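See below for the structure under consideration.
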Amino acid sequence: MLVTLSIRNLAVVEEVDVVFHPGFHVLSGETGAGKSIIIDALGLIAGGRSSADLIRYGCEKAEMEALFEMEQSHPVWQTLEKLGIHCEPEEHLVIRRELNTQGKSTSRINGQLVNLTMLREVGEKLINIHGQHEHQSLLRAESHLGLLDTYGSEVIGPIKAKYQERYSKFITAEKELRALQESSQRAYQLLDMYRFQLEEIAAASLTQGEDELLGEERVKLSHSEKMMDSVAGAYDLLSGQRGLEAVSIALSRIEDISGYDSKGLQPIVEQLQSAFYQLEDATFQLRDYREKIEFNPARLEEVEQRLNLISGLRRKYGDSVELILSYYDQISHETDQLENKDERLEKLRAERDKMLNLVMESAEELSKIRKQCAEELAAQVESELKDLQMERTTLRVQITPFEDPKGIEWNGRRIRLNRHGADNAEFLISPNPGEPLRPLGKIASGGELSRMMLAMKSIFARHDRIPVLIFDEVDTGVSGRAAQSIAEKLFRLSSTCQVFSITHLPQVACMADHQYLIEKHVYDGRTMTQVESLSDEGRVKELARMLGGVEITEKTLHHAQEMLNLAEAKKG
């Protein structure tokens, strides 16, 4: 459950710290007092979109922090572990979010930085906010299939996952087949071009690294005369009287006198001996190298022609011999496919048909289980609606094939497939006996929609184990007995999770276990919103205000106290 919520500099809230408890909580106050800001803060904690406009004027940032106390078996701990967020189930779960004036936000879970996607994945396991826009989602038939799948997720989920895996493979096969079919004319043009290119590259008989070796050979052949002059001249100098012979004479003279001063002269003798042997070795190498220098204009011409050929191929097919050969392998494969296109088409068509059969098999299985869940959901919603003063209402979840003239032909129909299957789902309702079932959007009033959504939330709460449910004026459009039934439903719902409701109806407020007054005040020319946890006496006064408006009389106070007493009796 949500234990505490702290807000700093969010809209008109300068600083608020609120402690919550198990059960049913009501947030009340005048219109425009800032009740929705509390809900906005919890929405941001749950990973909702942020905006710099939410930051209090004149402040650098807004801060929100929520502390949760969760049982060790709750799914949120598995989600945190999957995301790599270290948390101990025996401890509290702390979520903190900051917004800055540049429109960026920073989020932390138990002190560890997380991105918005991670925060949202954790938040959806903790908080579910029902606002006015969700009324409208009930009117959109395209959202009904998602609601049904959410309700039956335990049995629908595995079948839907198998369908989606097969659907992805089918779509891949379908795209490949279509691409091959649409490329017929271009394929023949490509085939002619590929055959020419293959012949040209094959005729060159290229080898890996050939261009580099030829380039080195060309340099040597082009400068062979200069190399011969330099090598021969160096050899002559080293082998003549001023070369090795001079070093040998110098060494002999020093050796003759080294005995007179062995310490001083022996190191010099050793150095001269080493230098002599190295020069002698280098001289022999120069002699051998001179013998290998080749004057071969014909070979140079041959190398130049070969390099020109490779250069032409590089301009067409790649920047190196390796890339040219790689391109050769690639177009060889593509040529093989093009030459065997008809065979490939038949094979792809067979694969596509096989995948289509598997997809439709899964789609039919998915449709069957959805119809079973639709009957169960309709029965449960009708049961919940009885508690909400809609006992004569009949609800059906109609499951029909998603027909489309451009779709896939199956059993004499054109069916459109998508990632969710081949089904259309729509809630049909008959509010009064004897009236036909019609689409929800055509006959449901605002109050009926509110109660429908509350009924469905009550059912989903038993499935998704979300600990915090927030209803933003779920009682819009209702009054009298219907308002009382909503209040009782919210109270009963709070036995399985923590329920928060923003309301203007005293019938709802009196059923709460805890009530908070949201008020707006002006201090030093600045507007500030405050949150006060009401005592028993404070609740009587707030209920009296909700009943009578500005003027609070003894009668309204007495009526308010009586409502609280009756509510306690109903709850007890």
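Numbering starts fresh at 1 for the residues of each chain in the structure tokens, the chains themselves are lettered A, B, ... in the order given, and ligands are numbered from 1 as they appear.
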Contact check, stretch 517-550 of chain A to stretch 559-570 of chain A, at most 7 Å, counting only C-alpha atoms, closest pairs as a Markdown table:
| residue | atom | partner | partner_atom | distance |
| --- | --- | --- | --- | --- |
| A:Val540 | CA | A:Ala560 | CA | 5.5 |
| A:Leu543 | CA | A:Ala560 | CA | 5.4 |
| A:Ala544 | CA | A:Ala560 | CA | 5.3 |
Keeping only all heavy atoms, write those residues as a PDB file, in the first residue's frame.
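selection.pdb written:
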ATOM      1  N   VAL A 540     -17.241  16.034   9.862  1.00  0.00           N
ATOM      2  CA  VAL A 540     -18.627  16.500   9.985  1.00  0.00           C
ATOM      3  C   VAL A 540     -18.761  17.865   9.301  1.00  0.00           C
ATOM      4  O   VAL A 540     -19.701  18.101   8.523  1.00  0.00           O
ATOM      5  CB  VAL A 540     -19.052  16.581  11.458  1.00  0.00           C
ATOM      6  CG1 VAL A 540     -20.414  17.256  11.581  1.00  0.00           C
ATOM      7  CG2 VAL A 540     -19.090  15.200  12.083  1.00  0.00           C
ATOM      8  N   LEU A 543     -18.419  17.474   5.431  1.00  0.00           N
ATOM      9  CA  LEU A 543     -19.633  16.884   4.867  1.00  0.00           C
ATOM     10  C   LEU A 543     -20.770  17.895   4.859  1.00  0.00           C
ATOM     11  O   LEU A 543     -21.561  17.956   3.915  1.00  0.00           O
ATOM     12  CB  LEU A 543     -20.045  15.634   5.655  1.00  0.00           C
ATOM     13  CG  LEU A 543     -19.328  14.331   5.302  1.00  0.00           C
ATOM     14  CD1 LEU A 543     -19.749  13.223   6.255  1.00  0.00           C
ATOM     15  CD2 LEU A 543     -19.622  13.924   3.870  1.00  0.00           C
ATOM     16  N   ALA A 544     -20.849  18.704   5.910  1.00  0.00           N
ATOM     17  CA  ALA A 544     -21.882  19.738   5.973  1.00  0.00           C
ATOM     18  C   ALA A 544     -21.682  20.745   4.835  1.00  0.00           C
ATOM     19  O   ALA A 544     -22.645  21.203   4.211  1.00  0.00           O
ATOM     20  CB  ALA A 544     -21.843  20.444   7.325  1.00  0.00           C
TER      21      ALA A 544
END
Could you list, with a cut-off of 9 Å and counting only C-alpha atoms, the residues of stretch 355-389 of chain A near stretch 399-405 of chain A, each shown with its nearest atom pair and the distance in Å rounded to one decimal, rows sorted by chain and ascending number, as CSV?
residue,atom,partner,partner_atom,distance
A:Ser367,CA,A:Ile399,CA,7.6
A:Arg370,CA,A:Ile399,CA,7.7
A:Lys371,CA,A:Ile399,CA,6.5
A:Ala374,CA,A:Ile399,CA,7.9
Filtering to C-alpha atoms, could you give me those residues as a tab-separated table (two decimals), in the first residue's frame?
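Below is the file that was written, again14.tsv:
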chain	number	residue	atom	x	y	z
A	367	SER	CA	-11.42	-16.70	-30.56
A	370	ARG	CA	-12.18	-15.27	-25.81
A	371	LYS	CA	-15.83	-16.22	-26.21
A	374	ALA	CA	-16.54	-12.92	-22.68
- Message: Show me, as a PyMOL selection string, the residues that have an atom within 12 Å of A:Phe460 when counting only C-alpha atoms, minus same-chain residues fewer than 6 positions from it.
- Response: chain A and resi 128+147-153+377+380-381+384+453-454+466-467+469+493+496-497
- For stretch 48-58 of chain A, work out the shell of residues within 6 Å, counting only C-alpha atoms and skipping chain neighbours fewer than 2 positions away, then give it as JSON, numbers by chain. {"A": [9, 10, 11, 43, 44, 46, 62, 101, 103]}
- Query: Could you pull out all residues of stretch 49-157 of chain A with a DSSP call of alpha helix (DSSP H) and give them as a PyMOL selection string?
  - Reply: chain A and resi 75-82+116-123+132-139+144-151+153-157
- Quick one: residues within 8 Å of stretch 341-350 of chain A, only C-alpha atoms counted, chain neighbours fewer than 3 positions away excluded, as a PyMOL selection string? chain A and resi 173+176-177+180-181+337-338+353-354
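All residues within stretch 81-321 of chain A that the backbone DSSP calculation assigns to strand (DSSP E) are A:Leu93, A:Val94, A:Ile95, A:Arg96, A:Arg97, A:Glu98, A:Leu99, A:Asn100, A:Ser105, A:Thr106, A:Ser107, A:Arg108, A:Ile109, A:Gln112, A:Leu113, A:Val114, A:Ile127, A:Asn128, A:Ile129, A:His130.
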- Best match for closeness to A:Lys175 among A:Glu154, A:Asp288, A:Glu488, A:Glu351, counting only C-alpha atoms: A:Glu351
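Residue nearest A:Glu81 within the list A:Glu339, A:Glu255, A:Gln330, A:Met118: A:Met118 [criterion: smallest interatomic distance, only C-alpha atoms].
Using only C-alpha atoms for every distance, the candidate list A:Gln78, A:Gln484, A:Ser205, A:Thr529 yields A:Thr529 as the residue closest to A:Ser36.
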- All residues 12 Å or closer to A:Ile7, only C-alpha atoms, same chain fewer than 5 positions away omitted, as a PyMOL selection string: chain A and resi 12-19+37-42+44-45+54-56+61-66+96-99+529-531
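Among the candidates A:Val76, A:Leu417, A:Val359, A:Leu307, the residue lying nearest to A:Lys169 is A:Val359 (atoms considered: only C-alpha atoms).
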